[in-house]
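protein32.txt (compact mmCIF, C-alpha atoms) appears below.
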```txt
# COMPACT_ATOMS: atom_id res chain seq x y z
CA MET A 25 -25.59 -57.25 16.08
CA LEU A 26 -26.82 -53.79 16.84
CA ALA A 27 -30.45 -52.83 16.85
CA GLY A 28 -31.86 -50.69 14.07
CA LEU A 29 -32.05 -46.93 14.28
CA SER A 30 -34.07 -45.77 17.23
CA ALA A 31 -36.11 -42.64 17.65
CA CYS A 32 -34.28 -39.87 19.40
CA GLY A 33 -35.94 -38.36 22.44
CA SER A 34 -35.67 -34.72 23.41
CA ASP A 35 -32.47 -33.63 25.08
CA GLY A 36 -32.35 -31.98 28.46
CA SER A 37 -31.46 -28.34 28.67
CA ARG A 38 -27.98 -27.31 29.62
CA GLY A 39 -27.65 -25.87 33.06
CA PRO A 40 -25.17 -23.27 34.25
CA GLY A 41 -21.55 -24.31 34.31
CA GLY A 42 -19.00 -23.73 37.01
CA ALA A 43 -16.55 -20.89 36.67
CA GLY A 44 -13.49 -21.36 34.52
CA GLY A 45 -10.02 -20.47 35.70
CA ALA A 46 -8.64 -17.00 35.50
CA SER A 47 -6.75 -16.01 32.37
CA GLY A 48 -3.00 -15.93 32.51
CA THR A 49 0.00 -17.80 31.18
CA GLY A 50 0.85 -20.88 33.19
CA GLY A 51 -2.21 -20.55 35.42
CA SER A 52 -4.46 -23.53 36.09
CA ALA A 53 -8.07 -23.67 35.09
CA GLY A 54 -10.49 -23.46 38.01
CA ALA A 55 -12.70 -26.42 38.86
CA GLY A 56 -16.27 -26.15 37.71
CA GLY A 57 -19.31 -28.39 37.69
CA ILE A 58 -21.63 -28.55 34.72
CA ALA A 59 -25.16 -29.50 33.98
CA GLY A 60 -24.38 -31.41 30.81
CA ALA A 61 -26.24 -32.02 27.60
CA ALA A 62 -28.76 -34.82 27.32
CA GLY A 63 -30.24 -33.79 30.65
CA ARG A 64 -27.37 -35.05 32.82
CA GLY A 65 -26.08 -32.85 35.61
CA GLY A 66 -22.29 -32.83 35.78
CA ALA A 67 -20.15 -32.89 38.87
CA GLY A 68 -17.22 -30.71 39.75
CA GLY A 69 -13.85 -32.40 39.84
CA SER A 70 -10.17 -31.76 40.20
CA GLY A 71 -8.60 -28.84 38.39
CA ALA A 72 -6.28 -28.88 35.39
CA THR A 73 -3.08 -30.73 36.15
CA GLY A 74 0.38 -30.69 34.69
CA GLY A 75 0.29 -26.92 34.17
CA VAL A 76 -1.19 -24.97 31.28
CA THR A 77 1.00 -23.75 28.44
CA GLY A 78 0.23 -21.17 25.76
CA ASN A 79 -0.88 -17.55 26.03
CA ALA A 80 -4.28 -18.38 27.52
CA THR A 81 -5.96 -20.89 29.84
CA VAL A 82 -8.61 -23.50 29.17
CA ASP A 83 -12.23 -23.36 30.30
CA GLU A 84 -12.59 -26.54 32.29
CA THR A 85 -16.37 -26.23 32.32
CA VAL A 86 -16.48 -26.53 28.52
CA LEU A 87 -14.12 -29.53 28.61
CA ARG A 88 -16.24 -31.32 31.21
CA GLU A 89 -19.32 -30.70 29.09
CA THR A 90 -17.44 -31.96 26.03
CA ALA A 91 -16.64 -35.17 27.91
CA THR A 92 -20.30 -35.59 28.87
CA VAL A 93 -21.61 -34.91 25.36
CA ALA A 94 -19.00 -37.23 23.79
CA PHE A 95 -20.03 -40.12 26.02
CA SER A 96 -23.73 -39.49 25.39
CA ALA A 97 -23.06 -39.42 21.63
CA ALA A 98 -21.09 -42.67 21.85
CA GLU A 99 -23.95 -44.33 23.76
CA LEU A 100 -26.47 -43.24 21.13
CA THR A 101 -24.29 -44.25 18.19
CA ILE A 102 -23.15 -47.65 19.44
CA GLY A 103 -26.72 -48.32 20.54
CA GLY A 104 -27.69 -48.05 16.86
CA ASP A 105 -28.49 -44.34 16.41
CA GLY A 106 -25.49 -43.05 14.45
CA GLU A 107 -27.43 -40.09 13.10
CA GLY A 108 -28.41 -38.96 16.59
CA GLY A 109 -24.86 -39.42 17.87
CA ALA A 110 -23.41 -37.33 15.05
CA VAL A 111 -25.92 -34.58 15.72
CA GLU A 112 -25.00 -34.50 19.43
CA LEU A 113 -21.32 -34.08 18.51
CA VAL A 114 -22.24 -30.93 16.56
CA ASP A 115 -22.56 -29.27 19.96
CA VAL A 116 -18.89 -30.04 20.65
CA GLY A 117 -18.00 -27.98 17.59
CA THR A 118 -20.28 -25.03 18.27
CA SER A 119 -18.88 -24.68 21.79
CA ALA A 120 -15.22 -25.50 20.97
CA ILE A 121 -14.13 -21.88 20.55
CA ASP A 122 -15.01 -21.33 24.22
CA ILE A 123 -12.38 -23.86 25.36
CA VAL A 124 -9.80 -21.09 25.22
CA ILE A 125 -10.09 -18.20 27.72
CA PRO A 126 -10.71 -15.40 26.83
CA PRO A 127 -13.46 -16.63 24.48
CA GLU A 128 -15.71 -14.70 22.16
CA SER A 129 -18.73 -13.70 24.24
CA ARG A 130 -21.76 -15.42 22.74
CA GLU A 131 -24.42 -18.01 23.48
CA SER A 132 -23.63 -21.65 22.81
CA ALA A 133 -25.85 -23.48 20.34
CA THR A 134 -28.10 -26.23 21.62
CA VAL A 135 -27.93 -29.85 20.55
CA LEU A 136 -29.85 -30.37 17.32
CA PRO A 137 -33.02 -32.44 17.15
CA LYS A 138 -33.05 -35.60 15.06
CA ALA A 139 -35.35 -35.92 12.02
CA GLY A 140 -33.24 -35.03 9.02
CA THR A 141 -33.20 -35.49 5.28
CA GLY A 142 -30.01 -36.23 3.36
CA CYS A 143 -29.01 -38.69 6.11
CA GLU A 144 -28.65 -42.33 5.02
CA CYS A 145 -27.98 -44.84 7.81
CA THR A 146 -27.32 -48.56 7.91
CA GLU A 147 -26.83 -50.86 10.90
CA ASN A 148 -23.26 -49.66 11.52
CA SER A 149 -22.82 -46.37 9.67
CA CYS A 150 -24.41 -43.15 8.44
CA ALA A 151 -23.58 -41.15 5.33
CA PHE A 152 -24.46 -37.45 5.36
CA ASP A 153 -25.00 -35.39 2.22
CA GLY A 154 -26.37 -32.07 3.34
CA CYS A 155 -28.08 -33.84 6.26
CA ASP A 156 -30.74 -31.33 7.34
CA HIS A 157 -32.30 -31.32 10.81
CA GLY A 158 -34.16 -28.06 10.37
CA SER A 159 -31.68 -26.08 12.46
CA GLY A 160 -29.92 -24.35 9.57
CA LEU A 161 -26.79 -26.49 10.06
CA LEU A 162 -26.11 -29.18 7.45
CA LEU A 163 -23.89 -32.25 7.95
CA SER A 164 -21.75 -33.73 5.18
CA GLY A 165 -19.49 -36.75 5.72
CA SER A 166 -19.85 -39.96 7.70
CA ILE A 167 -19.95 -41.72 11.05
CA SER A 168 -19.44 -45.44 11.69
CA TRP A 169 -19.33 -47.69 14.73
CA THR A 170 -18.95 -51.15 16.19
CA GLU A 171 -19.91 -52.35 19.66
CA SER A 172 -16.70 -50.79 21.02
CA THR A 173 -15.50 -48.14 18.54
CA LEU A 174 -16.75 -44.86 17.10
CA ASP A 175 -15.27 -43.11 14.04
CA CYS A 176 -16.56 -39.88 12.50
CA ASP A 177 -15.41 -37.37 9.92
CA TYR A 178 -17.90 -34.76 8.74
CA MET A 179 -18.38 -31.07 7.98
CA VAL A 180 -21.01 -28.85 9.58
CA ALA A 181 -22.04 -25.65 7.79
CA GLY A 182 -24.90 -23.17 7.90
CA ASN A 183 -26.63 -20.42 9.83
CA GLN A 184 -28.00 -20.93 13.32
CA GLY A 185 -29.36 -18.09 15.42
CA GLY A 186 -27.57 -15.48 13.32
CA ALA A 187 -24.21 -17.25 13.59
CA VAL A 188 -22.75 -18.71 10.38
CA TYR A 189 -20.76 -21.86 11.15
CA SER A 190 -18.30 -23.87 9.09
CA PHE A 191 -16.36 -26.58 10.93
CA THR A 192 -15.24 -30.20 10.90
CA VAL A 193 -15.80 -32.93 13.48
CA PHE A 194 -13.36 -35.85 13.64
CA CYS A 195 -13.41 -38.68 16.17
CA ASP A 196 -11.58 -41.95 16.72
CA LEU A 197 -12.86 -43.31 20.03
CA ASP A 198 -12.83 -46.61 21.90
CA TYR A 199 -15.97 -47.08 23.98
CA THR A 200 -17.25 -49.24 26.82
CA GLN A 201 -20.40 -48.69 28.88
CA THR A 202 -18.26 -46.88 31.46
CA SER A 203 -15.31 -45.34 29.56
CA LEU A 204 -13.98 -43.43 26.56
CA ASP A 205 -10.47 -43.44 25.11
CA GLY A 206 -9.17 -41.74 21.97
CA GLN A 207 -9.39 -38.56 19.92
CA LEU A 208 -12.09 -35.92 19.30
CA ASN A 209 -11.12 -32.90 17.18
CA THR A 210 -13.00 -29.91 15.79
CA SER A 211 -11.77 -27.04 13.64
CA GLY A 212 -13.54 -24.20 11.89
CA SER A 213 -15.01 -20.72 12.09
CA VAL A 214 -18.11 -18.81 13.14
CA GLU A 215 -19.20 -15.50 11.66
CA LEU A 216 -21.26 -13.16 13.82
CA PRO A 217 -22.52 -9.69 12.88
CA GLY A 218 -19.38 -7.59 12.58
CA ALA A 219 -16.97 -10.30 13.72
CA THR A 220 -15.49 -13.61 12.56
CA SER A 221 -13.77 -16.05 14.91
CA SER A 222 -12.02 -19.35 14.28
CA TRP A 223 -10.80 -22.23 16.40
CA HIS A 224 -9.01 -25.55 16.48
CA SER A 225 -9.34 -28.04 19.33
CA GLN A 226 -7.63 -31.40 19.71
CA ILE A 227 -8.97 -33.41 22.65
CA THR A 228 -7.52 -36.74 23.77
CA PHE A 229 -9.50 -38.92 26.17
CA ASN A 230 -7.16 -40.93 28.39
CA ASN A 231 -9.35 -43.76 29.70
CA VAL A 232 -11.99 -41.34 30.98
CA THR A 233 -14.40 -43.31 33.18
CA TYR A 234 -18.07 -42.48 33.75
CA VAL A 235 -20.76 -43.08 36.36
CA ASN A 236 -24.32 -42.31 35.24
CA GLY A 237 -22.91 -40.45 32.25
CA HIS A 238 -20.64 -38.15 34.29
CA PRO A 239 -16.83 -38.23 33.94
CA THR A 240 -15.35 -39.46 37.24
CA GLY A 241 -11.85 -40.69 36.41
CA GLY A 242 -9.05 -40.54 33.87
CA SER A 243 -8.01 -37.35 32.13
CA ILE A 244 -8.31 -35.24 28.98
CA ASP A 245 -5.38 -33.66 27.15
CA VAL A 246 -6.37 -30.57 25.20
CA SER A 247 -4.53 -28.45 22.67
CA ALA A 248 -6.68 -25.53 21.55
CA SER A 249 -6.51 -22.17 19.85
CA ALA A 250 -9.03 -19.42 19.18
CA THR A 251 -8.70 -16.36 16.97
CA ALA A 252 -10.95 -13.32 17.36
CA ALA A 253 -10.54 -9.63 16.55
CA GLY A 254 -7.15 -10.39 15.00
CA GLU A 255 -5.75 -11.96 18.16
CA THR A 256 -4.94 -15.64 18.57
CA HIS A 257 -4.95 -17.31 21.98
CA THR A 258 -3.60 -20.81 22.57
CA ALA A 259 -3.75 -23.20 25.50
CA ASN A 260 -2.52 -26.71 26.22
CA ALA A 261 -3.47 -28.55 29.37
CA THR A 262 -4.42 -31.82 31.03
CA VAL A 263 -7.70 -31.94 32.93
CA SER A 264 -8.14 -34.80 35.40
CA PHE A 265 -11.48 -36.07 36.66
```

Rewrite the structure from the file as structure tokens, please.
Amino acid sequence: MLAGLSACGSDGSRGPGGAGGASGTGGSAGAGGIAGAAGRGGAGGSGATGGVTGNATVDETVLRETATVAFSAAELTIGGDGEGGAVELVDVGTSAIDIVIPPESRESATVLPKAGTGCECTENSCAFDGCDHGSGLLLSGSISWTESTLDCDYMVAGNQGGAVYSFTVFCDLDYTQTSLDGQLNTSGSVELPGATSSWHSQITFNNVTYVNGHPTGGSIDVSASATAAGETHTANATVSF
């Protein structure tokens, strides 16, 4: 049986990411290291493989960070802290629009602190009803887990740093202490002063393996789109680690 909910420590700051690949149809995303969320420095790896389709390329730095955050969230959740894991996955949504190059130029939101109201958790699940962590972003929906699986389906909405977000987070992941396999999707919009952008990202983890929280093997398939200033850019690619 899993332990009860644990207190969530402070997350490490995100360091600078490596450069993404140049924009252009059919071009590959450039390799880039990241300093990931939860205080883990990422490592650069191989570039996107299998070609990139669509009218844009993918930012491999964002995808590597997504892989790091997803694993950290799975560790928290399956360790008994479903609320903290769900909050970490919010960062996947707020940065998802930047998967597609060219992205809207803006700062990414930081991972939210834990300490919310409207968040009811049991040993293996959390129900969110306007779950408030004091950041301006509210969670509504649910997350559940076993010792080897993680399922989530919730909405995130609110104002953070002048950006008004409304998006969904969906996950269906198989987890071990060294790997992730399955689906992580986000879809929604962000309204900034004078501009509104929207995105959809579908990310498939293909037995991605980890050492000390960093992705080191396997691959991610991504299908993503971003709409800004009336223009929609799409990209589909496989990123290998």

Fewer than 2 positions away in the same chain doesn't count, so skip those; otherwise give me all residues within 9 Å of A:Ala187, counting all atoms listed in the file, as number ranges by chain.
A: 182-185, 189, 214-217

Of the listed residues A:Ile123, A:Leu163, A:Val180, A:Cys195, that which approaches A:Thr258 most closely, counting all atoms listed in the file
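Nearest to A:Thr258: A:Ile123.
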
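Here atom CA of A:Leu100 and atom CA of A:Glu112 stand 9.0 Å from one another.
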
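Residue nearest A:Thr101, chosen from A:Phe152, A:Tyr178, A:Phe191, A:Tyr199 and counting all atoms listed in the file: A:Tyr199.
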
How far is it from atom CA of A:Asp153 to atom CA of A:Thr92, in Å with one decimal?
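Separation of atom CA of A:Asp153 and atom CA of A:Thr92: 27.1 Å.
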
Between A:Ala252, A:Cys150, A:Cys145, A:Val246, which has the minimum distance to A:Ser168 (counting all atoms listed in the file)?
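For A:Ser168, the nearest of the candidates is A:Cys150.
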
Coordinates-based distance that separates atom CA of A:Val86 from atom CA of A:Met179 (Å, one decimal):
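Spanning atom CA of A:Met179 to atom CA of A:Val86 is a straight-line distance of 21.1 Å.
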
So which residues fall inside 10 Å of (-16.8, -43.2, 34.0) if we count all atoms listed in the file? Mind giving them as a VMD selection string?
chain A and resid 92 95 200 to 204 231 to 242 265

For a quick check of understanding, using only C-alpha atoms, which of A:Gly218, A:Gly206, A:Gly154, A:Gly212 has the smallest distance to A:Asn230?
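Looking at the shortest contact to A:Asn230, the residue is A:Gly206.
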
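Minimum atom-to-atom distance to A:Thr220, evaluated using only C-alpha atoms, belongs to A:Ala250 out of A:Cys176, A:Ile244, A:Ala151, A:Ala250.
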